[in-house]
$ cat entry-v9.txt   # compact mmCIF, C-alpha atoms
# COMPACT_ATOMS: atom_id res chain seq x y z
CA MET A 1 -86.57 105.24 -55.79
CA THR A 2 -83.99 104.57 -53.05
CA LYS A 3 -81.12 102.63 -54.57
CA ILE A 4 -79.56 100.29 -52.03
CA ALA A 5 -76.20 98.52 -51.91
CA VAL A 6 -76.10 95.61 -49.47
CA PHE A 7 -72.69 94.60 -48.10
CA ILE A 8 -72.23 90.99 -47.00
CA SER A 9 -69.42 88.69 -45.90
CA GLY A 10 -71.34 85.47 -45.31
CA ARG A 11 -74.80 83.91 -45.58
CA GLY A 12 -76.55 87.26 -45.99
CA SER A 13 -79.76 86.39 -44.13
CA ASN A 14 -80.52 90.07 -43.48
CA PHE A 15 -79.90 90.76 -47.18
CA THR A 16 -82.39 88.09 -48.23
CA ALA A 17 -84.94 89.35 -45.68
CA LEU A 18 -84.61 92.89 -47.06
CA TYR A 19 -84.99 91.67 -50.63
CA GLU A 20 -88.05 89.56 -49.81
CA ASN A 21 -89.70 92.48 -48.01
CA ILE A 22 -89.07 94.74 -51.00
CA LYS A 23 -90.62 92.11 -53.29
CA LYS A 24 -93.66 91.79 -50.99
CA GLY A 25 -94.15 95.55 -50.93
CA ASN A 26 -93.37 95.89 -47.24
CA ILE A 27 -90.54 98.25 -48.20
CA LYS A 28 -91.76 100.76 -50.76
CA ASN A 29 -89.82 103.07 -53.06
CA ALA A 30 -86.62 101.02 -52.74
CA GLU A 31 -84.59 98.51 -54.71
CA ILE A 32 -81.42 96.56 -54.08
CA SER A 33 -79.29 97.79 -56.96
CA VAL A 34 -76.16 95.83 -56.10
CA VAL A 35 -74.73 93.42 -53.55
CA PHE A 36 -71.12 93.84 -52.48
CA SER A 37 -68.98 91.19 -50.81
CA ASN A 38 -65.41 91.10 -49.61
CA LYS A 39 -65.43 87.28 -49.79
CA GLU A 40 -65.77 85.20 -52.93
CA ASP A 41 -67.37 82.31 -51.04
CA ALA A 42 -70.05 84.40 -49.29
CA LYS A 43 -73.26 82.34 -49.41
CA GLY A 44 -75.33 85.46 -49.98
CA LEU A 45 -73.79 85.86 -53.44
CA GLU A 46 -75.50 82.64 -54.50
CA TYR A 47 -78.85 84.19 -53.64
CA ALA A 48 -77.95 87.37 -55.56
CA LYS A 49 -77.08 85.29 -58.62
CA LYS A 50 -80.33 83.31 -58.33
CA GLU A 51 -82.39 86.51 -58.16
CA ASN A 52 -80.36 88.22 -60.91
CA ILE A 53 -79.24 91.01 -58.60
CA PRO A 54 -76.00 92.66 -59.75
CA TYR A 55 -73.09 91.94 -57.43
CA ILE A 56 -69.50 93.00 -56.91
CA CYS A 57 -66.87 90.91 -55.18
CA ILE A 58 -63.49 92.38 -54.29
CA PRO A 59 -61.59 89.96 -52.01
CA SER A 60 -60.32 91.98 -49.06
CA LYS A 61 -57.52 89.48 -48.43
CA ASP A 62 -55.76 90.98 -51.46
CA TYR A 63 -55.56 94.43 -49.85
CA LYS A 64 -53.61 95.24 -46.69
CA ASN A 65 -54.49 98.93 -46.73
CA ARG A 66 -58.08 99.51 -45.54
CA GLN A 67 -58.30 103.01 -46.97
CA GLU A 68 -57.14 101.85 -50.38
CA TYR A 69 -59.68 99.04 -50.28
CA ASP A 70 -62.57 101.36 -49.41
CA ARG A 71 -61.52 103.80 -52.14
CA LEU A 72 -61.87 100.92 -54.56
CA ILE A 73 -65.35 100.18 -53.19
CA VAL A 74 -66.39 103.81 -53.67
CA GLN A 75 -65.30 103.67 -57.30
CA SER A 76 -67.04 100.35 -57.90
CA LEU A 77 -70.34 101.73 -56.55
CA LYS A 78 -70.31 104.92 -58.65
CA PRO A 79 -72.22 103.46 -61.65
CA TYR A 80 -75.10 102.43 -59.38
CA ASN A 81 -75.86 105.91 -57.93
CA ILE A 82 -76.37 104.43 -54.48
CA ASP A 83 -78.57 106.27 -51.95
CA LEU A 84 -78.17 103.86 -49.02
CA ILE A 85 -75.63 101.22 -47.98
CA CYS A 86 -76.87 98.43 -45.71
CA LEU A 87 -74.16 96.47 -43.92
CA ALA A 88 -75.64 93.00 -43.46
CA GLY A 89 -73.11 90.76 -41.79
CA TYR A 90 -70.25 92.67 -43.41
CA MET A 91 -67.28 91.70 -41.30
CA ARG A 92 -65.07 94.71 -41.87
CA ILE A 93 -64.79 98.08 -40.17
CA VAL A 94 -65.31 100.69 -42.87
CA THR A 95 -62.96 103.65 -43.09
CA GLU A 96 -63.48 107.37 -43.58
CA GLU A 97 -63.05 106.82 -47.34
CA LEU A 98 -66.46 105.18 -47.47
CA ILE A 99 -68.06 107.06 -44.55
CA ASN A 100 -67.24 110.51 -45.96
CA GLU A 101 -68.52 109.57 -49.41
CA TYR A 102 -71.80 108.27 -47.99
CA GLU A 103 -72.31 110.43 -44.91
CA ASN A 104 -75.43 109.36 -42.98
CA LYS A 105 -76.17 106.92 -45.79
CA ILE A 106 -74.59 103.80 -44.28
CA ILE A 107 -76.52 101.70 -41.77
CA ASN A 108 -75.69 98.54 -39.87
CA ILE A 109 -77.51 96.03 -37.71
CA HIS A 110 -75.89 94.75 -34.53
CA PRO A 111 -77.11 91.80 -32.41
CA ALA A 112 -77.22 93.67 -29.09
CA LEU A 113 -78.86 96.68 -27.50
CA LEU A 114 -76.19 99.28 -28.15
CA PRO A 115 -74.26 100.90 -26.62
CA SER A 116 -73.86 97.61 -24.70
CA PHE A 117 -71.86 94.70 -26.09
CA LYS A 118 -70.15 96.14 -29.13
CA GLY A 119 -68.01 94.13 -31.50
CA LEU A 120 -67.91 90.39 -32.09
CA HIS A 121 -69.83 87.72 -30.14
CA ALA A 122 -72.28 90.26 -28.74
CA GLN A 123 -74.73 87.52 -27.80
CA GLN A 124 -72.11 85.67 -25.76
CA GLN A 125 -71.07 88.94 -24.13
CA ALA A 126 -74.70 89.50 -23.09
CA LEU A 127 -74.98 86.00 -21.61
CA GLU A 128 -71.73 86.34 -19.68
CA TYR A 129 -72.85 89.68 -18.26
CA GLY A 130 -76.10 88.15 -17.07
CA VAL A 131 -78.53 90.58 -18.69
CA LYS A 132 -82.24 89.71 -18.66
CA PHE A 133 -82.97 91.33 -22.02
CA SER A 134 -80.98 91.64 -25.22
CA GLY A 135 -81.93 92.40 -28.79
CA CYS A 136 -80.69 94.17 -31.89
CA THR A 137 -79.93 97.71 -32.98
CA VAL A 138 -80.10 99.37 -36.39
CA HIS A 139 -77.73 102.34 -36.42
CA PHE A 140 -75.94 104.75 -38.69
CA VAL A 141 -72.28 103.98 -39.26
CA ASP A 142 -69.59 106.40 -38.11
CA GLY A 143 -65.85 106.07 -37.58
CA GLY A 144 -66.14 103.98 -34.39
CA MET A 145 -67.12 100.39 -33.73
CA ASP A 146 -70.90 100.08 -33.45
CA SER A 147 -71.00 103.66 -32.20
CA GLY A 148 -73.23 105.50 -34.67
CA ALA A 149 -76.59 107.12 -33.97
CA ILE A 150 -79.33 104.60 -33.17
CA ILE A 151 -82.29 104.36 -35.56
CA LEU A 152 -84.33 101.65 -33.85
CA GLN A 153 -84.03 98.66 -31.53
CA LYS A 154 -85.89 95.42 -30.85
CA VAL A 155 -85.83 93.65 -27.50
CA VAL A 156 -85.85 89.91 -26.73
CA PRO A 157 -85.84 88.16 -23.34
CA VAL A 158 -82.79 86.22 -22.17
CA TYR A 159 -83.61 82.88 -20.55
CA ASP A 160 -81.60 81.05 -17.89
CA ASN A 161 -80.99 78.09 -20.19
CA ASP A 162 -79.97 80.18 -23.21
CA THR A 163 -76.80 79.41 -25.14
CA GLU A 164 -75.11 81.72 -27.61
CA GLU A 165 -76.84 79.76 -30.38
CA THR A 166 -80.38 79.96 -28.97
CA LEU A 167 -80.10 83.64 -28.08
CA SER A 168 -78.58 84.41 -31.48
CA ALA A 169 -81.49 82.68 -33.23
CA ARG A 170 -84.07 84.66 -31.23
CA ILE A 171 -82.28 87.93 -31.94
CA LEU A 172 -81.90 87.11 -35.65
CA GLU A 173 -85.68 86.84 -36.03
CA GLN A 174 -85.95 90.41 -34.74
CA GLU A 175 -83.04 91.58 -36.89
CA HIS A 176 -84.97 90.66 -40.03
CA ILE A 177 -87.94 92.69 -38.80
CA ALA A 178 -85.94 95.66 -37.51
CA TYR A 179 -83.72 96.10 -40.56
CA SER A 180 -86.68 96.09 -42.94
CA GLU A 181 -88.56 98.57 -40.74
CA ALA A 182 -85.57 100.92 -40.68
CA VAL A 183 -84.98 100.72 -44.44
CA ALA A 184 -88.69 101.29 -45.11
CA LYS A 185 -88.68 104.45 -42.97
CA ILE A 186 -85.52 105.74 -44.66
CA ALA A 187 -86.92 105.03 -48.14
CA GLU A 188 -90.09 106.92 -47.21
CA GLY A 189 -88.00 109.93 -46.15
CA LYS A 190 -89.18 109.68 -42.55
CA VAL A 191 -85.74 109.46 -40.89
CA THR A 192 -83.66 112.49 -39.95
CA VAL A 193 -80.42 112.48 -38.00
CA LYS A 194 -78.88 115.35 -36.06
CA GLY A 195 -75.77 114.44 -34.10
CA ARG A 196 -76.67 111.39 -32.03
CA LYS A 197 -80.42 111.99 -32.27
CA VAL A 198 -82.45 110.15 -34.89
CA SER A 199 -86.06 111.22 -35.44
CA ILE A 200 -88.63 109.05 -37.20
CA LYS A 201 -91.84 110.66 -38.48
CA GLU A 202 -94.93 108.52 -38.02
$ encode --input "entry-v9.txt" --output "structure tokens"
Amino acid sequence: MTKIAVFISGRGSNFTALYENIKKGNIKNAEISVVFSNKEDAKGLEYAKKENIPYICIPSKDYKNRQEYDRLIVQSLKPYNIDLICLAGYMRIVTEELINEYENKIINIHPALLPSFKGLHAQQQALEYGVKFSGCTVHFVDGGMDSGAIILQKVVPVYDNDTEETLSARILEQEHIAYSEAVAKIAEGKVTVKGRKVSIKE
């Protein structure tokens, strides 16, 4: 059984999509063992409470030192024997304290086709650049910003009348599909990573 910790900072829509897909059997051999949030008012925590999923909240505003904060996270996760961390709208850059502890066991989803449009407001960046296609990327987390090895991507068209909101909504639909697909493949032991190359066995 792959034990998952989901990290959230807000509504946690990718968290809820993962959980629902595990419940439906679309993701096998996996369970969400704990939800972690750096914000006490994260909406996703309400869902965790409703579904009786254990959760941890350590407000990041109380810690100025990022390394110290991530060391605390590592300690708080120890009792759960976590195999995979899924960043799902977690609005913090993780440090080597967490990355080294969970090497190639932390994944993130980003609302753009990496390596294009890293960081915040990726959808608006895509619109301003004038691309005809955008999408989302599930990737391993390394020490850079949205720079880890790519697991899989989903593509959506960009329309002339798109706004940041409409494009974001179209991408989000694909995020829910892509993240669950990636987690399912990892839980089945079908994903291997070597440097920047990720292989998925079919």
$ closest_residue --input "entry-v9.txt" --among "A:Tyr47, A:Asp83, A:Arg11, A:Ala126" --to "Gly189 of chain A" --atoms "all atoms listed in the file"
A:Asp83
$ residues_around --input "entry-v9.txt" --residues "Tyr129 of chain A" --least-positions-apart "6" --cutoff "12 Å" --atoms "only C-alpha atoms" --output "compact mmCIF listing (two decimals) with C-alpha atoms, in the coordinates of the input"
# COMPACT_ATOMS: atom_id res chain seq x y z
CA SER A 116 -73.86 97.61 -24.70
CA PHE A 117 -71.86 94.70 -26.09
CA ALA A 122 -72.28 90.26 -28.74
CA GLN A 123 -74.73 87.52 -27.80
CA VAL A 158 -82.79 86.22 -22.17
$ atom_distance --input "entry-v9.txt" --atom1 "atom CA of Gln67 of chain A" --atom2 "atom CA of Glu101 of chain A"
12.4 Å
$ closest_atom_pairs --input "entry-v9.txt" --of "segment 38-126 of chain A" --to "segment 18-29 of chain A" --cutoff "10 Å" --atoms "only C-alpha atoms" --output "CSV"
residue,atom,partner,partner_atom,distance
A:Ala48,CA,A:Tyr19,CA,9.6
A:Glu51,CA,A:Tyr19,CA,9.5
A:Ile53,CA,A:Tyr19,CA,9.8
A:Cys86,CA,A:Leu18,CA,9.6
A:Ala88,CA,A:Leu18,CA,9.7
$ closest_residue --input "entry-v9.txt" --among "A:Ile171, A:Ile82, A:Val138, A:Leu72" --to "Val35 of chain A" --atoms "only C-alpha atoms"
A:Ile82
$ closest_residue --input "entry-v9.txt" --among "A:Lys61, A:Lys43, A:Lys118, A:His110" --to "Ser168 of chain A" --atoms "all atoms listed in the file"
A:His110
